[in-house]
>>> print(open('data.cif').read())   # mmCIF, C-alpha atoms
data_my_file
loop_
_atom_site.label_atom_id
_atom_site.label_comp_id
_atom_site.auth_asym_id
_atom_site.auth_seq_id
_atom_site.Cartn_x
_atom_site.Cartn_y
_atom_site.Cartn_z
CA MET A 1155 5.17 0.10 -14.19
CA PHE A 1156 1.94 1.99 -14.85
CA SER A 1157 1.83 5.49 -16.21
CA GLY A 1158 0.04 8.18 -14.26
CA GLU A 1159 0.31 11.52 -12.53
CA PHE A 1160 1.70 11.38 -9.00
CA ILE A 1161 -0.82 12.94 -6.61
CA ASP A 1162 0.32 12.33 -3.05
CA GLN A 1163 1.91 9.88 -0.65
CA PHE A 1164 0.87 9.04 2.87
CA ASN A 1165 1.82 6.61 5.55
CA CYS A 1166 -1.37 5.74 7.32
CA MET A 1167 -4.18 3.48 6.20
CA ASP A 1168 -6.89 5.70 7.63
CA LYS A 1169 -6.36 8.21 4.80
CA LEU A 1170 -6.71 5.58 2.09
CA ARG A 1171 -10.46 5.69 1.69
CA ASP A 1172 -10.62 9.52 1.57
CA VAL A 1173 -7.76 9.77 -0.91
CA ILE A 1174 -9.32 7.18 -3.25
CA HIS A 1175 -12.62 9.01 -3.01
CA THR A 1176 -10.97 12.33 -3.85
CA VAL A 1177 -8.84 11.09 -6.74
CA GLN A 1178 -11.71 8.97 -8.17
CA GLU A 1179 -9.65 7.11 -10.79
CA GLY A 1180 -6.09 5.89 -10.62
CA TYR A 1181 -3.91 3.50 -8.68
CA ILE A 1182 -2.13 3.20 -5.39
CA LYS A 1183 1.36 1.82 -5.17
CA SER A 1184 3.20 0.52 -2.16
CA ALA A 1185 6.23 -1.61 -1.39
CA TRP A 1186 7.04 -3.73 1.66
CA ARG A 1187 9.40 -6.38 2.86
CA ASP A 1188 8.21 -9.82 3.86
CA GLU A 1189 10.33 -12.87 4.73
CA GLY A 1190 13.42 -11.52 3.03
CA LYS A 1191 11.59 -10.47 -0.14
CA LEU A 1192 10.72 -7.02 -1.42
CA TYR A 1193 7.24 -6.64 -2.89
CA MET A 1194 5.62 -3.84 -4.88
CA GLY A 1195 1.82 -3.83 -5.00
CA TYR A 1196 -0.46 -1.86 -7.30
CA LEU A 1197 -4.20 -1.48 -6.76
CA LEU A 1198 -6.20 0.18 -9.55
CA PHE A 1199 -9.36 1.95 -8.46
CA LYS A 1200 -12.30 3.74 -10.01
CA LYS A 1201 -15.19 5.40 -8.16
CA ASP A 1202 -14.21 4.10 -4.71
CA VAL A 1203 -13.81 0.49 -5.89
CA PHE A 1204 -10.65 -1.52 -6.52
CA ILE A 1205 -10.83 -3.04 -9.99
CA GLY A 1206 -7.30 -4.24 -10.73
CA ALA A 1207 -4.29 -5.57 -8.86
CA LYS A 1208 -0.69 -6.50 -9.56
CA LEU A 1209 1.96 -7.71 -7.17
CA GLU A 1210 5.67 -7.94 -7.99
CA ASP A 1211 8.36 -9.84 -6.12
CA VAL A 1212 10.92 -7.25 -7.13
CA ILE A 1213 14.12 -9.21 -6.38
CA ASN A 1214 13.04 -12.48 -8.01
CA GLY A 1215 11.03 -10.92 -10.84
CA ILE A 1216 7.84 -12.90 -10.09
CA GLU A 1217 4.49 -11.29 -10.84
CA THR A 1218 1.01 -12.07 -9.48
CA VAL A 1219 -2.11 -10.47 -10.94
CA GLY A 1220 -5.85 -10.23 -10.39
CA ASN A 1221 -7.65 -11.64 -7.35
CA ASP A 1222 -4.58 -13.41 -5.93
CA ALA A 1223 -2.60 -10.17 -6.04
CA TYR A 1224 -5.51 -8.26 -4.52
CA PHE A 1225 -5.73 -10.54 -1.48
CA GLU A 1226 -1.96 -10.51 -0.90
CA ILE A 1227 -1.79 -6.70 -1.11
CA LEU A 1228 -4.74 -6.28 1.24
CA LYS A 1229 -3.16 -8.70 3.69
CA ALA A 1230 0.01 -6.60 3.67
CA PHE A 1231 -2.09 -3.50 4.36
CA TYR A 1232 -4.06 -5.23 7.14
CA LEU A 1233 -0.85 -6.36 8.80
CA GLN A 1234 0.66 -2.88 8.35
CA LYS A 1235 3.65 -4.17 6.43
CA ALA A 1236 3.38 -1.35 3.89
CA SER A 1237 4.48 1.93 5.43
CA MET A 1238 4.20 4.35 2.52
CA ILE A 1239 1.40 4.49 -0.04
CA GLU A 1240 1.64 6.54 -3.22
CA VAL A 1241 -1.41 7.61 -5.17
CA TYR A 1242 -1.47 8.25 -8.91
CA SER A 1243 -4.21 9.51 -11.17
CA THR A 1244 -4.57 7.75 -14.53
CA ASP A 1245 -6.99 6.38 -17.11
CA VAL A 1246 -7.68 3.03 -15.49
CA GLY A 1247 -9.73 1.74 -18.43
CA ARG A 1248 -6.75 2.11 -20.72
CA LEU A 1249 -4.47 0.33 -18.23
CA LEU A 1250 -6.89 -2.58 -17.96
CA LYS A 1251 -7.14 -2.84 -21.75
CA LEU A 1252 -3.36 -3.09 -21.97
CA ASN A 1253 -3.18 -5.50 -19.00
CA PRO A 1254 -6.48 -7.42 -18.87
CA LYS A 1255 -5.10 -10.07 -16.52
CA ILE A 1256 -4.83 -7.59 -13.66
CA THR A 1257 -8.61 -7.21 -13.46
CA ILE A 1258 -10.12 -8.13 -10.11
CA ASN A 1259 -13.42 -9.98 -10.28
CA VAL A 1260 -14.15 -9.98 -6.56
CA PRO A 1261 -17.68 -8.71 -5.99
CA VAL A 1262 -17.83 -4.95 -5.40
CA TYR A 1263 -19.32 -5.23 -1.91
CA LEU A 1264 -16.41 -7.39 -0.80
CA VAL A 1265 -13.99 -4.73 -1.97
CA GLN A 1266 -15.96 -2.10 -0.04
CA ILE A 1267 -15.95 -4.17 3.15
CA ASP A 1268 -12.23 -4.83 2.77
CA SER A 1269 -11.68 -1.10 2.50
CA VAL A 1270 -13.65 -0.46 5.72
CA ILE A 1271 -11.85 -3.27 7.56
CA ALA A 1272 -8.46 -1.96 6.42
CA THR A 1273 -9.41 1.52 7.69
CA LEU A 1274 -10.65 0.41 11.11
CA ARG A 1275 -8.44 -2.56 11.93
CA HIS A 1276 -5.76 -0.52 13.69
CA ALA A 1277 -7.66 2.72 14.19
CA SER A 1278 -6.81 4.72 17.30
CA GLY A 1279 -8.42 8.00 18.35
CA LYS A 1280 -11.71 9.58 17.38
CA VAL A 1281 -13.64 8.01 14.50
CA ILE A 1282 -16.71 9.65 12.96
CA VAL A 1283 -19.14 7.37 11.11
CA ARG A 1284 -21.84 9.07 9.03
CA THR A 1285 -24.76 8.08 6.87
CA GLU A 1286 -27.34 10.43 5.35
CA ASN A 1287 -29.31 10.94 8.57
CA LYS A 1288 -27.30 9.33 11.35
CA ASN A 1289 -23.84 9.73 12.78
CA TRP A 1290 -21.77 8.13 15.50
CA THR A 1291 -18.63 9.28 17.25
CA LEU A 1292 -16.37 6.45 18.36
CA LEU A 1293 -13.33 6.46 20.58
CA MET A 1294 -11.12 3.60 19.41
CA GLU A 1295 -7.81 2.08 20.35
CA GLU A 1296 -6.06 -0.29 17.94
CA GLY A 1297 -9.32 -1.32 16.32
CA ARG A 1298 -11.27 -1.76 19.58
CA ILE A 1299 -14.13 0.60 20.46
CA LEU A 1300 -13.69 2.17 23.90
CA ALA A 1301 -16.76 4.40 23.78
CA ILE A 1302 -19.44 5.45 21.30
CA LYS A 1303 -22.09 8.15 21.04
CA GLY A 1304 -24.90 8.27 18.49
CA ASN A 1305 -27.55 10.88 17.62
CA SER A 1306 -29.68 9.89 20.60
CA SER A 1307 -27.89 7.10 22.45
CA LYS A 1308 -24.52 6.12 23.76
CA GLY A 1309 -22.57 3.10 24.86
CA ASP A 1310 -23.94 -0.36 24.03
CA ALA A 1311 -27.24 1.08 22.71
CA ALA A 1312 -25.38 3.29 20.21
CA LEU A 1313 -23.17 0.36 19.19
CA LYS A 1314 -26.23 -1.78 18.58
CA GLU A 1315 -27.70 0.96 16.38
CA LEU A 1316 -24.42 1.23 14.45
CA LEU A 1317 -24.32 -2.52 13.86
CA MET A 1318 -27.91 -2.54 12.63
CA ASN A 1319 -26.89 0.01 9.98
CA ILE A 1320 -23.62 -1.72 9.08
CA ASN A 1321 -24.57 -2.70 5.51
CA HIS A 1322 -25.61 0.85 4.68
CA ILE A 1323 -22.44 2.25 6.27
CA ILE A 1324 -20.28 -0.11 4.19
CA LYS A 1325 -22.02 0.83 0.94
CA LYS A 1326 -22.65 4.54 1.38
CA GLY A 1327 -21.29 5.72 4.71
CA GLU A 1328 -18.37 8.00 5.44
CA ILE A 1329 -15.74 7.06 7.96
CA THR A 1330 -13.33 9.74 9.15
CA LEU A 1331 -10.43 9.12 11.47
CA LYS A 1332 -9.05 11.83 13.68
CA LYS A 1333 -6.13 11.30 16.02
CA GLU A 1334 -7.77 12.97 19.04
CA HIS A 1335 -8.09 10.89 22.19
CA ASP A 1336 -9.52 13.17 24.86
CA VAL A 1337 -13.11 12.88 23.70
CA TYR A 1338 -14.91 11.14 26.51
CA SER A 1339 -14.94 11.17 30.27
CA SER A 1340 -14.22 7.83 31.89
CA ASP A 1341 -17.81 6.44 31.92
CA ASP A 1342 -19.46 8.36 29.11
CA GLY A 1343 -20.57 5.99 26.32
CA ARG A 1344 -18.29 3.09 27.27
CA VAL A 1345 -19.14 -0.23 25.60
CA THR A 1346 -19.07 -3.73 27.02
CA ARG A 1347 -17.45 -5.36 23.99
CA GLY A 1348 -15.10 -3.18 22.01
CA ASP A 1349 -14.21 -5.85 19.44
CA LEU A 1350 -17.78 -6.29 18.26
CA LEU A 1351 -17.57 -3.91 15.29
CA LEU A 1352 -14.61 -5.59 13.62
CA GLU A 1353 -15.97 -9.05 14.41
CA SER A 1354 -19.25 -8.08 12.77
CA LEU A 1355 -17.47 -6.75 9.70
CA TYR A 1356 -15.52 -10.00 9.32
CA LEU A 1357 -18.73 -12.01 9.72
CA VAL A 1358 -20.55 -9.94 7.11
CA ARG A 1359 -17.59 -10.37 4.80
CA ASP A 1360 -17.45 -14.14 5.28
CA LYS A 1361 -21.19 -14.43 4.67
CA LEU A 1362 -21.08 -12.37 1.47
CA GLU A 1363 -18.01 -14.19 0.23
CA PHE A 1364 -19.62 -17.57 0.87
CA GLU A 1365 -22.81 -16.46 -0.91
CA SER A 1366 -20.73 -15.26 -3.83
CA ILE A 1367 -18.89 -18.57 -4.06
CA ASN A 1368 -22.12 -20.54 -3.77
CA LYS A 1369 -23.64 -18.46 -6.52
CA GLN A 1370 -20.64 -19.19 -8.74
CA LYS A 1371 -20.89 -22.83 -7.71
CA SER A 1372 -24.52 -23.16 -8.80
CA GLN A 1373 -23.69 -21.48 -12.10
CA LYS A 1374 -20.67 -23.69 -12.66
CA ILE A 1375 -22.37 -26.96 -11.57
CA SER A 1376 -24.73 -26.48 -14.44
CA LYS A 1377 -21.64 -26.39 -16.63
CA GLY A 1378 -20.22 -29.56 -15.05
CA VAL A 1379 -17.52 -28.22 -12.63
CA SER A 1380 -17.11 -30.26 -9.43
CA ASN A 1381 -18.07 -29.06 -5.92
CA SER A 1382 -14.68 -29.84 -4.48
CA ALA A 1383 -12.96 -27.27 -6.70
CA MET A 1384 -15.32 -24.50 -5.51
CA PHE A 1385 -14.98 -25.28 -1.81
CA SER A 1386 -11.24 -25.57 -2.21
CA ASN A 1387 -11.30 -22.01 -3.60
CA HIS A 1388 -13.33 -20.83 -0.60
CA LYS A 1389 -10.79 -22.33 1.80
CA LYS A 1390 -7.94 -20.65 -0.11
CA LEU A 1391 -9.71 -17.28 0.13
CA GLN A 1392 -10.17 -17.76 3.88
CA GLU A 1393 -6.52 -18.66 4.34
CA LYS A 1394 -5.42 -15.67 2.32
CA LEU A 1395 -7.30 -13.25 4.54
CA SER A 1396 -6.17 -14.65 7.88
CA PRO A 1397 -3.06 -13.00 9.36
CA MET B 322 9.92 3.71 5.05
CA PHE B 323 11.88 3.78 1.78
CA GLU B 324 10.68 0.47 0.37
CA ASN B 325 8.77 2.23 -2.43
CA ILE B 326 11.95 3.92 -3.60
CA LEU B 327 14.06 0.75 -3.41
CA ALA B 328 11.45 -1.29 -5.27
CA ASP B 329 10.92 1.43 -7.90
CA LEU B 330 14.59 1.34 -8.85
CA LEU B 331 15.29 -2.37 -8.34
CA ARG B 332 12.54 -3.37 -10.75
CA LEU B 333 14.40 -1.63 -13.62
CA GLU B 334 16.23 -4.05 -15.85
CA GLY B 335 19.93 -4.16 -15.11
CA VAL B 336 19.74 -2.67 -11.61
CA VAL B 337 21.47 -4.88 -9.05
CA GLU B 338 21.55 -2.81 -5.88
CA VAL B 339 20.01 0.37 -4.50
CA GLY B 340 21.16 2.25 -1.42
CA ILE B 341 20.23 5.39 0.47
CA ILE B 342 23.26 6.49 2.43
CA SER B 343 23.80 9.35 4.84
CA LYS B 344 26.61 11.70 3.88
CA ASP B 345 28.72 10.43 6.75
CA GLY B 346 28.69 6.96 5.19
CA LEU B 347 26.01 5.15 7.18
CA LEU B 348 23.47 3.06 5.30
CA ILE B 349 19.92 4.38 5.82
CA GLU B 350 18.19 1.77 3.69
CA GLY B 351 19.27 -0.59 0.93
CA GLU B 352 18.47 -3.72 -1.00
CA THR B 353 20.36 -5.95 -3.40
CA ARG B 354 19.72 -8.76 -5.88
CA ASP B 355 23.30 -9.96 -5.48
CA ARG B 356 23.82 -11.34 -1.98
CA THR B 357 27.61 -11.35 -2.52
CA LEU B 358 27.52 -7.53 -2.51
CA SER B 359 27.41 -5.91 0.90
CA VAL B 360 25.04 -2.96 0.75
CA GLU B 361 26.82 -1.31 3.69
CA THR B 362 30.26 -1.60 2.05
CA VAL B 363 28.98 -0.28 -1.27
CA GLY B 364 27.30 2.59 0.56
CA ALA B 365 30.46 3.59 2.36
CA MET B 366 32.48 3.48 -0.90
CA VAL B 367 29.88 5.55 -2.73
CA VAL B 368 29.92 8.29 -0.12
CA ALA B 369 33.73 8.35 -0.20
CA VAL B 370 33.64 8.80 -3.99
CA TYR B 371 30.93 11.44 -3.64
CA GLY B 372 33.00 13.44 -1.17
CA THR B 373 36.10 13.29 -3.37
CA SER B 374 34.04 14.36 -6.39
CA GLN B 375 32.74 17.37 -4.50
CA ASN B 376 36.33 18.36 -3.65
CA ALA B 377 37.38 17.99 -7.29
CA SER B 378 34.42 20.05 -8.48
CA LYS B 379 35.25 22.75 -5.96
CA GLU B 380 38.89 22.89 -7.05
CA ILE B 381 38.17 22.91 -10.76
CA PHE B 382 34.88 24.80 -11.04
CA ASN B 383 34.95 26.66 -7.76
CA ASP B 384 31.59 25.05 -7.01
CA GLU B 385 31.30 21.88 -4.95
CA ARG B 386 27.84 20.99 -6.28
CA VAL B 387 27.77 17.63 -8.06
CA ASP B 388 24.67 16.58 -10.05
CA ILE B 389 25.47 12.94 -10.71
CA ILE B 390 28.46 10.64 -10.47
CA THR B 391 28.86 7.64 -12.74
CA VAL B 392 31.60 5.05 -12.37
CA GLU B 393 31.77 2.75 -15.37
CA SER B 394 33.66 -0.52 -15.36
CA PRO B 395 33.53 -3.62 -17.57
CA ARG B 396 31.65 -5.39 -14.74
CA GLY B 397 28.98 -2.75 -14.22
CA LYS B 398 28.18 0.82 -13.28
CA ILE B 399 27.79 2.75 -10.03
CA ILE B 400 25.61 5.85 -10.23
CA SER B 401 25.03 8.21 -7.35
CA MET B 402 23.31 11.52 -6.79
CA GLU B 403 22.47 13.76 -3.92
CA ALA B 404 19.14 13.10 -2.19
CA GLY B 405 18.72 16.21 -0.08
CA GLU B 406 21.20 17.83 2.28
CA ASN B 407 21.97 14.72 4.25
CA ALA B 408 21.84 11.71 1.94
CA VAL B 409 23.02 10.16 -1.29
CA LEU B 410 21.03 7.80 -3.51
CA ALA B 411 23.21 5.16 -5.18
CA VAL B 412 22.54 2.41 -7.69
CA VAL B 413 24.78 -0.45 -8.82
CA THR B 414 23.98 -1.94 -12.22
CA GLU B 415 25.02 -4.62 -14.64
CA PRO B 416 27.13 -3.48 -17.63
CA LYS B 417 24.04 -3.12 -19.83
CA VAL B 418 21.47 -0.75 -18.44
CA ASN B 419 19.24 1.98 -19.84
CA LEU B 420 21.12 4.91 -18.32
CA GLY B 421 18.68 7.56 -19.48
CA LEU B 422 15.69 5.82 -17.93
CA LEU B 423 17.62 5.01 -14.79
CA ARG B 424 18.73 8.62 -14.27
CA LEU B 425 15.15 9.79 -14.69
CA TYR B 426 13.94 7.37 -12.03
CA MET B 427 16.85 8.22 -9.75
CA LYS B 428 16.15 11.93 -9.99
CA LYS B 429 12.47 11.42 -9.18
CA ASN B 430 13.25 9.16 -6.24
CA ALA B 431 16.11 11.31 -4.94
CA GLN B 432 13.58 14.12 -4.59
CA LYS B 433 11.27 11.79 -2.66
CA VAL B 434 14.10 10.79 -0.33
CA ALA B 435 14.97 14.44 0.24
CA SER B 436 11.36 15.23 1.15
CA MET B 437 11.15 12.30 3.58
CA LEU B 438 14.37 12.96 5.48
#
>>> encode(input="data.cif", output="structure tokens")
Amino acid sequence: MFSGEFIDQFNCMDKLRDVIHTVQEGYIKSAWRDEGKLYMGYLLFKKDVFIGAKLEDVINGIETVGNDAYFEILKAFYLQKASMIEVYSTDVGRLLKLNPKITINVPVYLVQIDSVIATLRHASGKVIVRTENKNWTLLMEEGRILAIKGNSSKGDAALKELLMNINHIIKKGEITLKKEHDVYSSDDGRVTRGDLLLESLYLVRDKLEFESINKQKSQKISKGVSNSAMFSNHKKLQEKLSP
Amino acid sequence: MFENILADLLRLEGVVEVGIISKDGLLIEGETRDRTLSVETVGAMVVAVYGTSQNASKEIFNDERVDIITVESPRGKIISMEAGENAVLAVVTEPKVNLGLLRLYMKKNAQKVASML
């Protein structure tokens, strides 16, 4: 159990990013059932980035920490197994000093993409996406875009513009979910392929993850570690993220 | 919905079972480490004890409010407390358990249950 001041609890993933941004430093805690087991997951965060993770199989007393815990907790969030999330404020540096094994060493951009994917994967209603000088209003249903309007375009043209700015949105954009549905008339800003945004996010994630592993591989090869170990890790990461 | 509360209490050393039971004896949510214990049966017994305790408190103190009920036996303990107007939070433990810590966690989580129901 980590110490900390209880801030709030909520039951929908779309609030997660905003709450983490507001609290700035602390951890989220959530429990869920899976295949007859009861799990409690902790994700430590600082400045919008997850930096530590711990997962407990509460009944059997088994603990997982670090990257492995991070992927399992995110998977539970993606699959909406966790229904209630509690947020605590605490000195994360002190917690990591006391529990160094819980540190995540996944590259920061992967954590940011995971956060965006978790927010949008089951989004329904109006979604506002903003960068410094552009914004888009999306109408989504269970992660699929139904319609989109940008500053000066709509429909497929606005979606194309959004996708061209995807890296910037992941790093510095704001995504706000509202539960309103009656935003568009039937033909106004409709898109041809509503699954394109999430597909693109997964592709960007896979690319960055592969580059990260290759970078580690070239560093480790110089130290004499075999290729097969690195690619085996990549496959494990892929398996962990698939539903 | 109440997994956070169940996990928070079950992870304490010595805790065997946690249940959230409506005051008419129906199990709302529960979990156990000991599969020989039926969470529903324990829940029904706890609410029966809770109701009797309220009657005793009313007769003796002229006040039916009960803060916490602890049943101690050589085989373990059963602790229960009110979790809002409509529910009771109950924990079954092994004989050795840190009662002070457990009560603190139960009080905190009983308030959460009350706010969620």
>>> residues_around(input="data.cif", residues="Ala1277 of chain A", least_positions_apart="4", cutoff="7 Å", atoms="only C-alpha atoms", output="compact mmCIF listing (two decimals) with C-alpha atoms, in the coordinates of the input")
# COMPACT_ATOMS: atom_id res chain seq x y z
CA THR A 1273 -9.41 1.52 7.69
CA MET A 1294 -11.12 3.60 19.41
CA GLU A 1295 -7.81 2.08 20.35
CA GLU A 1296 -6.06 -0.29 17.94
CA GLY A 1297 -9.32 -1.32 16.32
>>> closest_residue(input="data.cif", among="B:Ser378, B:Ile342, B:Ser359, B:Glu352", to="chain A", atoms="only C-alpha atoms")
B:Glu352
>>> atom_distance(input="data.cif", atom1="atom CA of Asn1305 of chain A", atom2="atom CA of Lys1361 of chain A")
29.1 Å
>>> atom_distance(input="data.cif", atom1="atom CA of Leu422 of chain B", atom2="atom CA of Ile399 of chain B")
14.8 Å
>>> interface_residues(input="data.cif", of="chain A", to="chain B", cutoff="7 Å", atoms="all atoms listed in the file", output="list in words")
Ser1184, Ala1185, Trp1186, Leu1192, Met1194, Val1212, Ile1213, Ser1237 and Met1238 of chain A
>>> resolve_selection(input="data.cif", expression="the PyMOL selection byres ((chain B and resi 375) around 10)", output="list in words")
Val370, Tyr371, Gly372, Thr373, Ser374, Asn376, Ala377, Ser378, Lys379, Glu380, Ile381, Asp384, Glu385, Arg386, Val387, Asp388 and Ile390 of chain B
>>> atom_distance(input="data.cif", atom1="atom CA of Val413 of chain B", atom2="atom CA of Leu425 of chain B")
15.2 Å
>>> resolve_selection(input="data.cif", expression="the PyMOL selection byres ((chain A and resi 1307) around 12)", output="list of chain:residue names")
A:Lys1288, A:Asn1289, A:Trp1290, A:Thr1291, A:Ala1301, A:Ile1302, A:Lys1303, A:Gly1304, A:Asn1305, A:Ser1306, A:Lys1308, A:Gly1309, A:Asp1310, A:Ala1311, A:Ala1312, A:Leu1313, A:Lys1314, A:Glu1315, A:Leu1316, A:Asp1342, A:Gly1343, A:Arg1344, A:Val1345
>>> residues_around(input="data.cif", residues="Asn419 of chain B", least_positions_apart="4", cutoff="10 Å", atoms="all atoms listed in the file", output="list in words")
Leu333, Glu334, Gly335, Val336, Thr414, Leu423 and Arg424 of chain B
>>> closest_residue(input="data.cif", among="B:Leu347, B:Gly421, B:Ala435, B:Asn383", to="Ile400 of chain B", atoms="only C-alpha atoms")
B:Gly421
>>> resolve_selection(input="data.cif", expression="the PyMOL selection byres ((chain A and resi 1203) around 8)", output="PyMOL selection string")
chain A and resi 1199-1202+1204-1205+1262+1265-1266
>>> write_last_selection(input="data.cif", atoms="C-alpha atoms", output="PDB file, in the frame of the given file")
ATOM      1  CA  PHE A1199      -9.360   1.950  -8.460  1.00  0.00           C
ATOM      2  CA  LYS A1200     -12.300   3.740 -10.010  1.00  0.00           C
ATOM      3  CA  LYS A1201     -15.190   5.400  -8.160  1.00  0.00           C
ATOM      4  CA  ASP A1202     -14.210   4.100  -4.710  1.00  0.00           C
ATOM      5  CA  PHE A1204     -10.650  -1.520  -6.520  1.00  0.00           C
ATOM      6  CA  ILE A1205     -10.830  -3.040  -9.990  1.00  0.00           C
ATOM      7  CA  VAL A1262     -17.830  -4.950  -5.400  1.00  0.00           C
ATOM      8  CA  VAL A1265     -13.990  -4.730  -1.970  1.00  0.00           C
ATOM      9  CA  GLN A1266     -15.960  -2.100  -0.040  1.00  0.00           C
TER      10      GLN A1266
END
>>> residues_around(input="data.cif", residues="Tyr1224 of chain A", least_positions_apart="2", cutoff="9 Å", atoms="all atoms listed in the file", output="PyMOL selection string")
chain A and resi 1195-1197+1204+1206-1209+1219-1222+1226-1229+1258
>>> closest_residue(input="data.cif", among="B:Val418, B:Ala365, B:Asp345, B:Glu350", to="Val434 of chain B", atoms="all atoms listed in the file")
B:Glu350
>>> residues_around(input="data.cif", residues="Gly364 of chain B", least_positions_apart="2", cutoff="10 Å", atoms="all atoms listed in the file", output="PyMOL selection string")
chain B and resi 339-344+346-351+359-362+366-370+401+409-412
>>> residues_around(input="data.cif", residues="Arg1284 of chain A", least_positions_apart="2", cutoff="12 Å", atoms="only C-alpha atoms", output="ChimeraX atom specification")
/A:1281-1282,1286-1292,1304-1305,1316,1319-1320,1322-1331
>>> decode(input="data.cif", residues="segment 1161-1175 of chain A", atoms="N, CA, C and O atoms", output="PDB file, in the first residue's frame")
ATOM      1  N   ILE A1161      -7.673  12.015  -3.421  1.00  0.00           N
ATOM      2  CA  ILE A1161      -8.157  13.219  -4.110  1.00  0.00           C
ATOM      3  C   ILE A1161      -9.578  12.998  -4.640  1.00  0.00           C
ATOM      4  O   ILE A1161     -10.491  13.777  -4.360  1.00  0.00           O
ATOM      5  N   ASP A1162      -9.763  11.936  -5.387  1.00  0.00           N
ATOM      6  CA  ASP A1162     -11.052  11.756  -6.049  1.00  0.00           C
ATOM      7  C   ASP A1162     -11.162  10.322  -6.553  1.00  0.00           C
ATOM      8  O   ASP A1162     -10.168   9.601  -6.602  1.00  0.00           O
ATOM      9  N   GLN A1163     -12.365   9.919  -6.905  1.00  0.00           N
ATOM     10  CA  GLN A1163     -12.528   8.646  -7.602  1.00  0.00           C
ATOM     11  C   GLN A1163     -13.498   8.856  -8.748  1.00  0.00           C
ATOM     12  O   GLN A1163     -14.378   9.726  -8.686  1.00  0.00           O
ATOM     13  N   PHE A1164     -13.303   8.113  -9.814  1.00  0.00           N
ATOM     14  CA  PHE A1164     -14.171   8.260 -10.968  1.00  0.00           C
ATOM     15  C   PHE A1164     -14.272   6.916 -11.663  1.00  0.00           C
ATOM     16  O   PHE A1164     -13.451   6.020 -11.448  1.00  0.00           O
ATOM     17  N   ASN A1165     -15.286   6.808 -12.505  1.00  0.00           N
ATOM     18  CA  ASN A1165     -15.523   5.500 -13.115  1.00  0.00           C
ATOM     19  C   ASN A1165     -15.498   5.536 -14.634  1.00  0.00           C
ATOM     20  O   ASN A1165     -16.051   4.657 -15.282  1.00  0.00           O
ATOM     21  N   CYS A1166     -14.889   6.562 -15.200  1.00  0.00           N
ATOM     22  CA  CYS A1166     -14.756   6.491 -16.646  1.00  0.00           C
ATOM     23  C   CYS A1166     -13.364   6.928 -17.094  1.00  0.00           C
ATOM     24  O   CYS A1166     -12.806   7.896 -16.591  1.00  0.00           O
ATOM     25  N   MET A1167     -12.828   6.175 -18.032  1.00  0.00           N
ATOM     26  CA  MET A1167     -11.460   6.380 -18.504  1.00  0.00           C
ATOM     27  C   MET A1167     -11.238   7.754 -19.110  1.00  0.00           C
ATOM     28  O   MET A1167     -10.136   8.278 -19.073  1.00  0.00           O
ATOM     29  N   ASP A1168     -12.300   8.361 -19.639  1.00  0.00           N
ATOM     30  CA  ASP A1168     -12.086   9.628 -20.345  1.00  0.00           C
ATOM     31  C   ASP A1168     -11.660  10.756 -19.400  1.00  0.00           C
ATOM     32  O   ASP A1168     -11.124  11.759 -19.843  1.00  0.00           O
ATOM     33  N   LYS A1169     -11.861  10.558 -18.085  1.00  0.00           N
ATOM     34  CA  LYS A1169     -11.439  11.597 -17.138  1.00  0.00           C
ATOM     35  C   LYS A1169      -9.982  11.423 -16.722  1.00  0.00           C
ATOM     36  O   LYS A1169      -9.385  12.314 -16.120  1.00  0.00           O
ATOM     37  N   LEU A1170      -9.410  10.267 -17.042  1.00  0.00           N
ATOM     38  CA  LEU A1170      -8.104   9.905 -16.497  1.00  0.00           C
ATOM     39  C   LEU A1170      -7.024  10.929 -16.835  1.00  0.00           C
ATOM     40  O   LEU A1170      -6.302  11.412 -15.965  1.00  0.00           O
ATOM     41  N   ARG A1171      -6.959  11.273 -18.098  1.00  0.00           N
ATOM     42  CA  ARG A1171      -5.909  12.199 -18.544  1.00  0.00           C
ATOM     43  C   ARG A1171      -6.026  13.552 -17.850  1.00  0.00           C
ATOM     44  O   ARG A1171      -5.056  14.142 -17.378  1.00  0.00           O
ATOM     45  N   ASP A1172      -7.251  14.086 -17.758  1.00  0.00           N
ATOM     46  CA  ASP A1172      -7.462  15.402 -17.129  1.00  0.00           C
ATOM     47  C   ASP A1172      -7.110  15.360 -15.652  1.00  0.00           C
ATOM     48  O   ASP A1172      -6.505  16.290 -15.120  1.00  0.00           O
ATOM     49  N   VAL A1173      -7.503  14.271 -14.983  1.00  0.00           N
ATOM     50  CA  VAL A1173      -7.255  14.167 -13.546  1.00  0.00           C
ATOM     51  C   VAL A1173      -5.751  14.093 -13.270  1.00  0.00           C
ATOM     52  O   VAL A1173      -5.233  14.783 -12.391  1.00  0.00           O
ATOM     53  N   ILE A1174      -5.047  13.294 -14.064  1.00  0.00           N
ATOM     54  CA  ILE A1174      -3.590  13.175 -13.899  1.00  0.00           C
ATOM     55  C   ILE A1174      -2.932  14.523 -14.138  1.00  0.00           C
ATOM     56  O   ILE A1174      -2.011  14.927 -13.418  1.00  0.00           O
ATOM     57  N   HIS A1175      -3.428  15.229 -15.128  1.00  0.00           N
ATOM     58  CA  HIS A1175      -2.864  16.542 -15.456  1.00  0.00           C
ATOM     59  C   HIS A1175      -3.103  17.523 -14.306  1.00  0.00           C
ATOM     60  O   HIS A1175      -2.222  18.305 -13.943  1.00  0.00           O
TER      61      HIS A1175
END
